[in-house]
$ cat data_10.csv   # CSV, C-alpha atoms
chain,number,residue,atom,x,y,z
A,250,MET,CA,-127.4,-195.7,103.5
A,251,ARG,CA,-125.9,-199.1,103.7
A,252,ALA,CA,-123.6,-201.1,101.4
A,253,ALA,CA,-124.9,-202.8,98.3
A,254,SER,CA,-123.7,-205.5,96.0
A,255,THR,CA,-124.4,-203.3,92.9
A,256,VAL,CA,-125.0,-199.6,92.5
A,257,VAL,CA,-126.8,-198.4,89.4
A,258,ILE,CA,-126.2,-194.8,88.5
A,259,GLY,CA,-129.1,-193.3,86.4
A,260,GLY,CA,-132.8,-193.6,86.5
A,261,GLY,CA,-133.6,-193.8,82.8
A,262,ILE,CA,-134.8,-196.9,80.9
A,263,VAL,CA,-131.4,-198.7,81.0
A,264,GLY,CA,-130.8,-198.1,84.7
A,265,ALA,CA,-134.4,-199.2,85.4
A,266,THR,CA,-134.3,-202.4,83.4
A,267,THR,CA,-130.9,-203.3,84.8
A,268,LEU,CA,-132.1,-202.7,88.4
A,269,TRP,CA,-135.2,-204.9,87.9
A,270,GLU,CA,-133.2,-207.7,86.3
A,271,LEU,CA,-130.8,-207.8,89.2
A,272,ALA,CA,-133.5,-207.5,91.9
A,273,SER,CA,-135.5,-210.3,90.3
A,274,ARG,CA,-132.5,-212.5,90.8
A,275,GLY,CA,-132.1,-211.6,94.4
A,276,VAL,CA,-129.2,-209.1,94.1
A,277,ASP,CA,-129.0,-206.4,96.7
A,278,ALA,CA,-129.0,-203.4,94.4
A,279,VAL,CA,-129.5,-199.6,94.8
A,280,LEU,CA,-130.1,-197.0,92.2
A,281,PHE,CA,-129.3,-193.3,92.4
A,282,GLU,CA,-130.8,-190.7,90.0
A,283,ALA,CA,-129.5,-187.1,90.2
A,284,GLY,CA,-132.8,-185.7,88.9
A,285,SER,CA,-136.2,-187.3,88.6
A,286,PHE,CA,-136.7,-190.8,87.3
A,287,ALA,CA,-137.2,-191.0,83.5
A,288,GLN,CA,-137.1,-187.2,83.0
A,289,GLU,CA,-134.0,-186.7,80.9
A,290,SER,CA,-133.2,-188.5,77.7
A,291,THR,CA,-135.6,-191.3,78.4
A,292,GLY,CA,-138.6,-189.1,79.1
A,293,LYS,CA,-138.0,-187.0,76.1
A,294,SER,CA,-137.6,-189.9,73.7
A,295,ALA,CA,-139.9,-190.3,70.8
A,296,ALA,CA,-140.1,-193.9,71.9
A,297,ILE,CA,-140.8,-195.3,68.4
A,298,VAL,CA,-140.3,-199.1,68.6
A,299,ARG,CA,-139.0,-200.6,65.4
A,300,MET,CA,-137.1,-203.7,64.4
A,301,HIS,CA,-135.3,-202.2,61.3
A,302,TYR,CA,-131.6,-202.2,62.3
A,303,SER,CA,-128.4,-202.8,60.5
A,304,ASN,CA,-126.8,-205.5,62.6
A,305,PRO,CA,-128.3,-209.0,63.4
A,306,ALA,CA,-127.6,-208.8,67.2
A,307,VAL,CA,-129.4,-205.4,67.4
A,308,VAL,CA,-132.4,-206.8,65.5
A,309,ARG,CA,-132.6,-209.6,68.0
A,310,MET,CA,-132.3,-207.1,70.9
A,311,ALA,CA,-135.1,-205.0,69.4
A,312,LEU,CA,-137.3,-208.1,69.1
A,313,ARG,CA,-136.6,-209.1,72.7
A,314,SER,CA,-137.4,-205.6,73.9
A,315,ARG,CA,-140.6,-205.2,71.9
A,316,ASP,CA,-141.8,-208.5,73.4
A,317,ALA,CA,-141.1,-207.1,76.8
A,318,PHE,CA,-143.0,-203.9,76.2
A,319,ILE,CA,-146.0,-205.8,74.9
A,320,HIS,CA,-146.1,-208.2,77.9
A,321,LEU,CA,-145.1,-205.7,80.6
A,322,PRO,CA,-148.5,-205.7,82.3
A,323,ASP,CA,-148.2,-209.5,82.8
A,324,LYS,CA,-144.5,-209.2,83.8
A,325,LEU,CA,-144.7,-206.3,86.2
A,326,GLY,CA,-148.3,-205.9,87.1
A,327,CYS,CA,-148.5,-202.4,85.5
A,328,ASP,CA,-150.9,-200.7,83.0
A,329,PRO,CA,-150.2,-201.2,79.3
A,330,VAL,CA,-147.3,-199.1,78.0
A,331,PHE,CA,-147.1,-200.1,74.4
A,332,THR,CA,-149.3,-199.1,71.4
A,333,ARG,CA,-149.2,-201.6,68.5
A,334,SER,CA,-149.8,-199.0,65.8
A,335,GLY,CA,-147.5,-200.5,63.3
A,336,TRP,CA,-144.3,-198.8,62.0
A,337,LEU,CA,-143.9,-197.6,58.4
A,338,PHE,CA,-140.5,-197.0,56.8
A,339,LEU,CA,-140.4,-194.7,53.7
A,340,VAL,CA,-137.3,-194.7,51.6
A,341,ASP,CA,-136.0,-192.8,48.5
A,342,GLU,CA,-134.3,-194.3,45.5
A,343,ILE,CA,-130.8,-193.9,47.0
A,344,ASP,CA,-131.6,-196.1,50.0
A,345,LYS,CA,-134.0,-198.5,48.3
A,346,GLU,CA,-131.5,-201.3,47.8
A,347,HIS,CA,-130.1,-200.9,51.4
A,348,ALA,CA,-133.6,-201.2,52.8
A,349,GLN,CA,-134.3,-204.3,50.8
A,350,THR,CA,-131.1,-205.9,51.9
A,351,ASN,CA,-131.7,-205.0,55.6
A,352,ARG,CA,-135.2,-206.4,55.4
A,353,ARG,CA,-133.9,-209.8,54.2
A,354,MET,CA,-131.5,-210.0,57.1
A,355,GLN,CA,-134.1,-209.0,59.6
A,356,LEU,CA,-136.6,-211.6,58.4
A,357,ALA,CA,-133.8,-214.2,58.8
A,358,GLU,CA,-133.4,-213.0,62.5
A,359,GLY,CA,-137.1,-213.5,63.3
A,360,SER,CA,-138.5,-210.0,62.5
A,361,SER,CA,-141.6,-209.6,60.3
A,362,SER,CA,-142.5,-206.9,57.8
A,363,ARG,CA,-144.2,-206.5,54.5
A,364,GLU,CA,-143.4,-204.4,51.5
A,365,VAL,CA,-146.0,-201.7,50.7
A,366,SER,CA,-147.0,-200.6,47.3
A,367,PRO,CA,-147.6,-196.9,46.5
A,368,ASP,CA,-151.3,-197.5,46.3
A,369,GLU,CA,-151.3,-199.1,49.8
A,370,LEU,CA,-149.6,-196.1,51.4
A,371,GLU,CA,-152.8,-194.1,51.1
A,372,GLN,CA,-154.6,-196.7,53.3
A,373,LEU,CA,-151.9,-196.4,56.0
A,374,VAL,CA,-151.4,-192.6,55.8
A,375,PRO,CA,-154.4,-190.9,54.2
A,376,GLY,CA,-153.5,-188.0,52.0
A,377,ILE,CA,-149.9,-189.0,51.6
A,378,GLN,CA,-148.0,-187.8,48.5
A,379,THR,CA,-145.9,-190.7,47.1
A,380,GLU,CA,-143.5,-188.7,44.9
A,381,GLY,CA,-139.9,-189.4,45.9
A,382,ILE,CA,-140.8,-192.6,47.8
A,383,ALA,CA,-139.1,-195.5,46.0
A,384,TYR,CA,-139.7,-198.2,48.6
A,385,ALA,CA,-141.8,-198.7,51.7
A,386,LEU,CA,-142.1,-201.5,54.3
A,387,PHE,CA,-144.5,-201.9,57.2
A,388,GLU,CA,-143.9,-203.7,60.5
A,389,ARG,CA,-147.3,-204.6,61.8
A,390,ASP,CA,-146.3,-205.5,65.3
A,391,SER,CA,-144.2,-202.4,66.0
A,392,GLY,CA,-145.3,-199.0,67.2
A,393,TYR,CA,-144.5,-196.8,70.1
A,394,ALA,CA,-144.4,-196.9,73.9
A,395,ASP,CA,-144.8,-194.4,76.8
A,396,PRO,CA,-141.2,-194.0,77.9
A,397,ILE,CA,-141.9,-192.5,81.4
A,398,ALA,CA,-144.6,-195.1,82.3
A,399,THR,CA,-142.4,-197.9,81.1
A,400,THR,CA,-139.4,-196.8,83.1
A,401,ARG,CA,-141.4,-196.2,86.2
A,402,ALA,CA,-143.0,-199.6,85.9
A,403,TYR,CA,-139.6,-201.2,86.0
A,404,LEU,CA,-138.5,-199.1,88.9
A,405,LEU,CA,-141.6,-199.8,91.0
A,406,ALA,CA,-141.4,-203.5,90.3
A,407,ALA,CA,-137.7,-203.5,91.3
A,408,GLY,CA,-138.6,-201.7,94.5
A,409,ARG,CA,-141.2,-204.3,95.4
A,410,LEU,CA,-138.5,-206.9,95.1
A,411,GLY,CA,-136.3,-205.1,97.6
A,412,ALA,CA,-134.2,-202.8,95.5
A,413,ARG,CA,-133.6,-199.3,96.9
A,414,LEU,CA,-134.2,-196.3,94.7
A,415,PHE,CA,-133.2,-192.6,95.3
A,416,GLU,CA,-134.3,-189.6,93.2
A,417,ARG,CA,-132.5,-186.3,93.4
A,418,THR,CA,-129.5,-188.0,94.8
A,419,SER,CA,-126.2,-187.5,92.9
A,420,VAL,CA,-123.3,-189.8,92.9
A,421,GLU,CA,-120.3,-187.5,93.3
A,422,ARG,CA,-117.6,-190.1,92.5
A,423,ILE,CA,-117.1,-193.7,91.7
A,424,GLU,CA,-114.3,-194.9,94.0
A,425,ILE,CA,-111.6,-197.1,92.5
A,426,ARG,CA,-108.8,-198.8,94.5
A,427,ASN,CA,-106.2,-201.1,92.9
A,428,ARG,CA,-108.0,-200.9,89.6
A,429,ARG,CA,-111.3,-202.1,91.1
A,430,VAL,CA,-114.6,-200.5,92.1
A,431,VAL,CA,-114.9,-200.3,95.9
A,432,GLY,CA,-117.8,-198.0,96.3
A,433,VAL,CA,-119.5,-194.7,95.4
A,434,LEU,CA,-119.5,-191.3,97.1
A,435,VAL,CA,-123.1,-190.0,97.7
A,436,ASP,CA,-123.7,-186.8,99.6
A,437,HIS,CA,-120.2,-187.1,101.1
A,438,GLU,CA,-121.0,-190.6,102.3
A,439,ARG,CA,-119.2,-193.7,101.0
A,440,ILE,CA,-121.4,-196.6,99.9
A,441,PRO,CA,-119.3,-199.8,99.6
A,442,CYS,CA,-120.2,-202.0,96.6
A,443,GLN,CA,-118.8,-204.6,94.3
A,444,HIS,CA,-120.2,-203.4,91.0
A,445,VAL,CA,-121.2,-200.1,89.6
A,446,VAL,CA,-123.4,-199.8,86.5
A,447,LEU,CA,-122.8,-196.5,84.9
A,448,ALA,CA,-126.1,-195.6,83.2
A,449,ALA,CA,-126.1,-191.9,83.6
A,450,GLY,CA,-126.7,-191.0,80.0
A,451,ALA,CA,-125.3,-187.5,79.1
A,452,TRP,CA,-123.6,-187.3,82.5
A,453,SER,CA,-121.7,-190.7,82.2
A,454,LYS,CA,-118.7,-189.0,80.5
A,455,GLN,CA,-118.3,-186.6,83.4
A,456,LEU,CA,-118.4,-189.3,86.0
A,457,GLY,CA,-115.8,-191.3,84.1
A,458,GLU,CA,-113.4,-188.5,83.7
A,459,VAL,CA,-113.1,-188.1,87.5
A,460,PHE,CA,-111.0,-191.3,87.5
A,461,ASP,CA,-109.5,-190.9,84.0
A,462,LEU,CA,-111.9,-193.1,82.2
A,463,HIS,CA,-112.4,-191.3,78.9
A,464,LEU,CA,-115.6,-192.3,77.1
A,465,PRO,CA,-115.9,-191.6,73.4
A,466,ILE,CA,-119.2,-189.7,73.7
A,467,GLU,CA,-120.5,-186.4,72.3
A,468,ILE,CA,-123.6,-184.9,73.8
A,469,THR,CA,-126.0,-183.5,71.2
A,470,ARG,CA,-129.2,-181.5,71.6
A,471,GLU,CA,-132.3,-183.1,70.1
A,472,GLN,CA,-135.7,-181.5,69.4
A,473,ASP,CA,-139.2,-182.9,68.8
A,474,VAL,CA,-142.3,-180.8,68.2
A,475,ILE,CA,-145.9,-181.8,69.1
A,476,TYR,CA,-148.7,-180.6,66.9
A,477,GLU,CA,-152.5,-180.7,67.1
A,478,ALA,CA,-155.0,-180.3,64.3
A,479,GLU,CA,-158.8,-180.8,63.9
A,480,ASP,CA,-158.0,-184.1,62.1
A,481,THR,CA,-154.5,-185.5,62.2
A,482,SER,CA,-155.8,-189.1,61.6
A,483,ILE,CA,-152.3,-190.6,61.5
A,484,GLY,CA,-152.5,-193.9,63.2
A,485,VAL,CA,-149.1,-195.4,62.5
A,486,ALA,CA,-145.5,-194.5,63.6
A,487,VAL,CA,-143.5,-193.4,60.6
A,488,SER,CA,-139.8,-193.1,59.8
A,489,ASP,CA,-139.7,-191.1,56.6
A,490,GLN,CA,-136.1,-191.5,55.2
A,491,ALA,CA,-137.1,-189.7,52.1
A,492,ASP,CA,-137.9,-186.5,53.9
A,493,ARG,CA,-135.6,-187.0,56.9
A,494,ILE,CA,-138.3,-186.9,59.5
A,495,TYR,CA,-140.1,-189.3,61.8
A,496,PHE,CA,-143.5,-188.9,63.4
A,497,ARG,CA,-146.0,-190.8,65.5
A,498,PRO,CA,-149.4,-190.2,67.1
A,499,ILE,CA,-149.9,-189.2,70.7
A,500,THR,CA,-153.4,-189.8,72.0
A,501,GLU,CA,-154.2,-188.2,75.3
A,502,GLU,CA,-157.2,-186.6,76.9
A,503,GLY,CA,-159.3,-187.3,73.8
A,504,ASN,CA,-157.1,-185.2,71.5
A,505,GLN,CA,-154.9,-186.8,68.9
A,506,ARG,CA,-151.6,-185.1,68.5
A,507,LEU,CA,-148.6,-185.8,66.4
A,508,LEU,CA,-145.0,-185.9,67.5
A,509,ILE,CA,-142.4,-185.0,64.8
A,510,GLY,CA,-138.6,-184.9,64.7
A,511,ARG,CA,-135.8,-184.8,62.3
A,512,GLY,CA,-134.0,-187.9,61.1
A,513,TYR,CA,-130.5,-188.5,59.8
A,514,PRO,CA,-128.7,-186.9,58.0
A,515,LYS,CA,-129.1,-183.5,59.8
A,516,PRO,CA,-126.9,-181.0,61.6
A,517,TYR,CA,-125.9,-182.0,65.1
A,518,GLU,CA,-125.4,-179.4,67.9
A,519,VAL,CA,-122.9,-180.5,70.6
A,520,VAL,CA,-123.8,-179.1,74.0
A,521,ASP,CA,-122.9,-179.1,77.7
A,522,PRO,CA,-125.5,-181.3,79.4
A,523,ASP,CA,-125.6,-178.8,82.3
A,524,ALA,CA,-126.1,-175.8,80.1
A,525,TYR,CA,-128.2,-176.2,77.0
A,526,ASP,CA,-131.3,-174.5,75.6
A,527,ASP,CA,-134.4,-176.6,76.3
A,528,ARG,CA,-136.7,-174.5,74.1
A,529,VAL,CA,-137.4,-175.6,70.6
A,530,ASP,CA,-135.9,-173.4,67.8
A,531,GLY,CA,-138.3,-171.5,65.6
A,532,ALA,CA,-136.3,-172.5,62.5
A,533,PHE,CA,-136.4,-176.2,63.5
A,534,GLU,CA,-140.2,-176.1,64.0
A,535,ALA,CA,-140.8,-174.4,60.7
A,536,ASP,CA,-138.5,-176.9,58.9
A,537,VAL,CA,-140.2,-180.1,60.3
A,538,ARG,CA,-143.6,-178.6,59.7
A,539,GLN,CA,-142.8,-177.9,56.0
A,540,ARG,CA,-141.3,-181.3,55.5
A,541,LEU,CA,-144.4,-183.0,56.9
A,542,VAL,CA,-146.9,-180.8,55.0
A,543,ASN,CA,-145.0,-181.4,51.7
A,544,ARG,CA,-145.5,-185.1,52.3
A,545,ILE,CA,-149.1,-184.8,53.7
A,546,PRO,CA,-150.6,-181.6,52.4
A,547,ARG,CA,-153.9,-182.0,54.3
A,548,LEU,CA,-152.0,-181.3,57.6
A,549,SER,CA,-151.2,-177.7,56.7
A,550,GLY,CA,-153.4,-176.5,59.6
A,551,LEU,CA,-151.2,-178.1,62.3
A,552,ARG,CA,-150.8,-176.1,65.5
A,553,MET,CA,-147.7,-176.5,67.7
A,554,VAL,CA,-148.9,-177.3,71.2
A,555,ASP,CA,-145.7,-178.6,72.9
A,556,SER,CA,-142.1,-179.6,72.3
A,557,ARG,CA,-139.4,-181.8,73.8
A,558,VAL,CA,-135.7,-180.9,73.8
A,559,GLY,CA,-133.4,-183.5,75.2
A,560,LEU,CA,-130.0,-185.0,74.8
A,561,TYR,CA,-128.3,-187.9,72.8
A,562,SER,CA,-125.1,-189.4,74.1
A,563,VAL,CA,-123.5,-190.2,70.8
A,564,THR,CA,-120.6,-192.7,70.3
A,565,PRO,CA,-118.5,-192.8,67.1
A,566,ASP,CA,-120.5,-195.7,65.6
A,567,TRP,CA,-123.9,-194.7,67.0
A,568,HIS,CA,-124.1,-197.9,69.1
A,569,PRO,CA,-124.1,-198.0,72.9
A,570,LEU,CA,-121.3,-198.8,75.3
A,571,ILE,CA,-122.4,-201.9,77.2
A,572,GLY,CA,-120.6,-204.2,79.5
A,573,PRO,CA,-117.6,-204.5,81.8
A,574,VAL,CA,-114.6,-202.1,81.5
A,575,GLU,CA,-111.5,-204.4,81.2
A,576,ALA,CA,-109.2,-202.0,83.0
A,577,ILE,CA,-111.4,-201.5,86.1
A,578,GLY,CA,-112.9,-204.5,87.8
A,579,GLY,CA,-116.5,-204.2,88.8
A,580,LEU,CA,-117.3,-201.2,86.5
A,581,VAL,CA,-120.0,-201.9,83.9
A,582,LEU,CA,-121.0,-199.4,81.2
A,583,ALA,CA,-124.6,-198.9,80.1
A,584,THR,CA,-124.4,-195.6,78.2
A,585,GLY,CA,-123.8,-193.9,74.8
A,586,GLY,CA,-127.3,-194.8,73.6
A,587,SER,CA,-127.1,-192.5,70.6
A,588,GLY,CA,-130.9,-192.2,70.5
A,589,HIS,CA,-131.6,-196.0,70.5
A,590,CYS,CA,-131.5,-197.2,74.1
A,591,PHE,CA,-135.2,-196.8,74.9
A,592,LYS,CA,-136.3,-199.3,72.3
A,593,LEU,CA,-133.4,-201.6,73.3
A,594,GLY,CA,-133.7,-201.0,77.0
A,595,PRO,CA,-135.2,-204.3,78.2
A,596,ALA,CA,-132.6,-206.4,76.3
A,597,ILE,CA,-129.7,-204.2,77.5
A,598,GLY,CA,-130.8,-204.7,81.1
A,599,GLU,CA,-130.8,-208.4,80.7
A,600,LEU,CA,-127.4,-208.4,79.0
A,601,LEU,CA,-126.0,-206.4,81.8
A,602,ALA,CA,-127.4,-208.6,84.5
A,603,GLY,CA,-126.0,-211.6,82.7
A,604,SER,CA,-122.6,-210.0,82.6
A,605,ILE,CA,-122.6,-209.2,86.3
A,606,LEU,CA,-124.1,-212.5,87.5
A,607,GLY,CA,-122.5,-214.8,84.9
A,608,PHE,CA,-125.5,-216.2,83.2
A,609,HIS,CA,-125.7,-216.6,79.4
A,610,VAL,CA,-127.9,-214.5,77.1
A,611,ASP,CA,-128.2,-216.2,73.8
A,612,TYR,CA,-129.6,-213.5,71.5
A,613,ALA,CA,-126.6,-211.1,71.6
A,614,ASP,CA,-122.9,-211.0,72.6
A,615,ILE,CA,-122.3,-208.2,75.0
A,616,ALA,CA,-118.7,-208.0,73.8
A,617,LEU,CA,-119.9,-206.4,70.5
A,618,PHE,CA,-120.7,-203.3,72.5
A,619,ALA,CA,-117.5,-203.2,74.6
A,620,LEU,CA,-115.7,-199.9,75.1
A,621,ASP,CA,-112.5,-201.2,73.5
A,622,ARG,CA,-114.1,-202.1,70.2
A,623,PHE,CA,-112.9,-198.9,68.7
A,624,ASP,CA,-109.2,-199.6,69.6
A,625,ARG,CA,-109.7,-203.2,68.2
A,626,GLY,CA,-111.0,-201.9,64.9
A,627,LYS,CA,-114.4,-203.6,65.7
A,628,ALA,CA,-116.7,-200.6,65.5
A,629,LEU,CA,-120.3,-201.5,64.4
A,630,VAL,CA,-121.6,-200.4,61.1
A,631,SER,CA,-124.8,-198.7,60.1
A,632,THR,CA,-126.4,-199.5,56.7
A,633,TYR,CA,-127.5,-195.9,56.1
A,634,GLY,CA,-124.7,-194.2,58.1
A,635,GLY,CA,-125.2,-192.1,61.3
A,636,ASN,CA,-128.0,-192.8,63.7
A,637,ARG,CA,-130.1,-195.3,61.8
A,638,ALA,CA,-128.1,-197.9,63.6
$ encode --input "data_10.csv" --output "C-alpha cells"
Amino acid sequence: MRAASTVVIGGGIVGATTLWELASRGVDAVLFEAGSFAQESTGKSAAIVRMHYSNPAVVRMALRSRDAFIHLPDKLGCDPVFTRSGWLFLVDEIDKEHAQTNRRMQLAEGSSSREVSPDELEQLVPGIQTEGIAYALFERDSGYADPIATTRAYLLAAGRLGARLFERTSVERIEIRNRRVVGVLVDHERIPCQHVVLAAGAWSKQLGEVFDLHLPIEITREQDVIYEAEDTSIGVAVSDQADRIYFRPITEEGNQRLLIGRGYPKPYEVVDPDAYDDRVDGAFEADVRQRLVNRIPRLSGLRMVDSRVGLYSVTPDWHPLIGPVEAIGGLVLATGGSGHCFKLGPAIGELLAGSILGFHVDYADIALFALDRFDRGKALVSTYGGNRA
C-alpha cells in the first residue's frame, strides 16, 4: 500500500459518497472497510427517504440527497436505486400541531407535500383504519432506496476514477503526531496521509478512544421484520407516528413483501458492536405485527420471512457528527448517524469534501454538526424528540 492524500475509514453510505466526491475532484483517496461494503448499518437500513425533518439545514440536505438518489443512474452509470413510491406520515392528536408547523417550514425550504384527508387515506393504504389519526401528509416524490446497491454504485464509480478500495481490511489505529493526523496503521503497515475521514459507524467510537478522542455516541440494537402475504398491496412508504411503527414495500423476485420496524418513542438497547444478538426478538416481532394489524386489519395473515438486526450510532441530539475535529488537524468526522445517515448520505459526502478541499456548499453549514456543539450549548433540536430528527 502506498501513501494517500485522504484515508476514508468505513464502507457504508457516508464513506462511499465521501470517497466519490473526493475522487471526482482528483483527490488521491483510499477507503478501508473492516467487513464487507454496505453490510453493516447501511445494508440493514430501512432506507426510507423522506424530507420531513425538524431543522431547515437537514431538510435541504434531505432534498439534495433525494435528488442524488433519483439521478444516480445518470450520475454514476448504474441501475436505478430509488423507488418513488411516495411517503405518508400519520400523526396522532398530540403531534398534529408539530407536524403542521414542520410542514410549513419544509415548504419554505423547497420541499413539497400535501395534507391528506381521512377519506383519501383509504386510496393510499387500502383497508386502513383511521381512528387515532388526527393528521396526515404525503410527500409524492419521496419513497425508498436500495441501500446496498446505492453504496456499491458510489464505490464502483469512485474506483473507476482512481480511488482505491479495500474490503476486510481493518484500520488498527489513526496515527497522530503533534496534534495532527500523519497516517493510519493497517495490517501493521503505516499508510501516510494528510486527512482521515472517520466514517466507521458503530466502530468509530472505539477508533477514537485509541488516541483519547471521546465521541458522545451510544450503540443501540435495531430490528426490522420482513413479512409476506398473499396480498400486501401497500404501495407507499409509511411513517406511522400514531402507532410508533414505519413500513415500506419490498418488491423482489415477483413477491411483494413488507418491511416493518418500530418508531420513536420505544425502548433502546445499548450493545457492544462486536457482541450483539443479530436475531430478531420474538416479542418484538409480535409487537410490530399487532401494531400493523390493528391499523390495517386485512393484513392479519402476514408471514414473517426475514429480518434485519443492525446498529444505530446515537448522539445526544440524534444528529450526526460531521466535519473537522478542532483539536486534531486533518481528522474529519462522519459518524453518529442516529439512524438518519443513509437518506442524508449524498449531502454529507459533499459537505465533507467541501470541508477537506475548501469549496463552499451553500445548502448547509457543516459547523452545525461539529463535535464541540454540545460543549457550546448548540445541540440541534428535534420537533418530536428522539430520533425523528
$ atom_distance --input "data_10.csv" --atom1 "atom CA of Thr418 of chain A" --atom2 "atom CA of Ser285 of chain A"
9.2 Å
$ closest_atom_pairs --input "data_10.csv" --of "segment 297-374 of chain A" --to "segment 407-417 of chain A" --cutoff "12 Å" --atoms "only C-alpha atoms" --output "tab-separated table"
residue	atom	partner	partner_atom	distance
A:Lys324	CA	A:Ala407	CA	11.6
A:Leu325	CA	A:Ala407	CA	9.1
A:Gly326	CA	A:Arg409	CA	11.0
$ closest_atom_pairs --input "data_10.csv" --of "segment 469-542 of chain A" --to "segment 577-595 of chain A" --cutoff "12 Å" --atoms "all atoms listed in the file" --output "Markdown table"
| residue | atom | partner | partner_atom | distance |
| --- | --- | --- | --- | --- |
| A:Thr469 | CA | A:Ser587 | CA | 9.1 |
| A:Arg470 | CA | A:Gly588 | CA | 10.9 |
| A:Glu471 | CA | A:Gly588 | CA | 9.2 |
| A:Gln472 | CA | A:Gly588 | CA | 11.8 |
| A:Gly512 | CA | A:Gly588 | CA | 10.8 |
| A:Tyr513 | CA | A:Gly588 | CA | 11.3 |
| A:Tyr517 | CA | A:Ser587 | CA | 11.9 |
$ closest_residue --input "data_10.csv" --among "A:Thr632, A:Asp611, A:Gly572, A:Val446" --to "Thr350 of chain A" --atoms "all atoms listed in the file"
A:Thr632
$ closest_residue --input "data_10.csv" --among "A:His320, A:Asp492, A:Asp536, A:Ala448" --to "Gly381 of chain A" --atoms "only C-alpha atoms"
A:Asp492
$ closest_residue --input "data_10.csv" --among "A:Tyr633, A:Ala252, A:Val610, A:Tyr393" --to "Pro441 of chain A" --atoms "all atoms listed in the file"
A:Ala252
$ closest_residue --input "data_10.csv" --among "A:Leu620, A:Leu312, A:Leu337, A:Val558" --to "Pro465 of chain A" --atoms "only C-alpha atoms"
A:Leu620
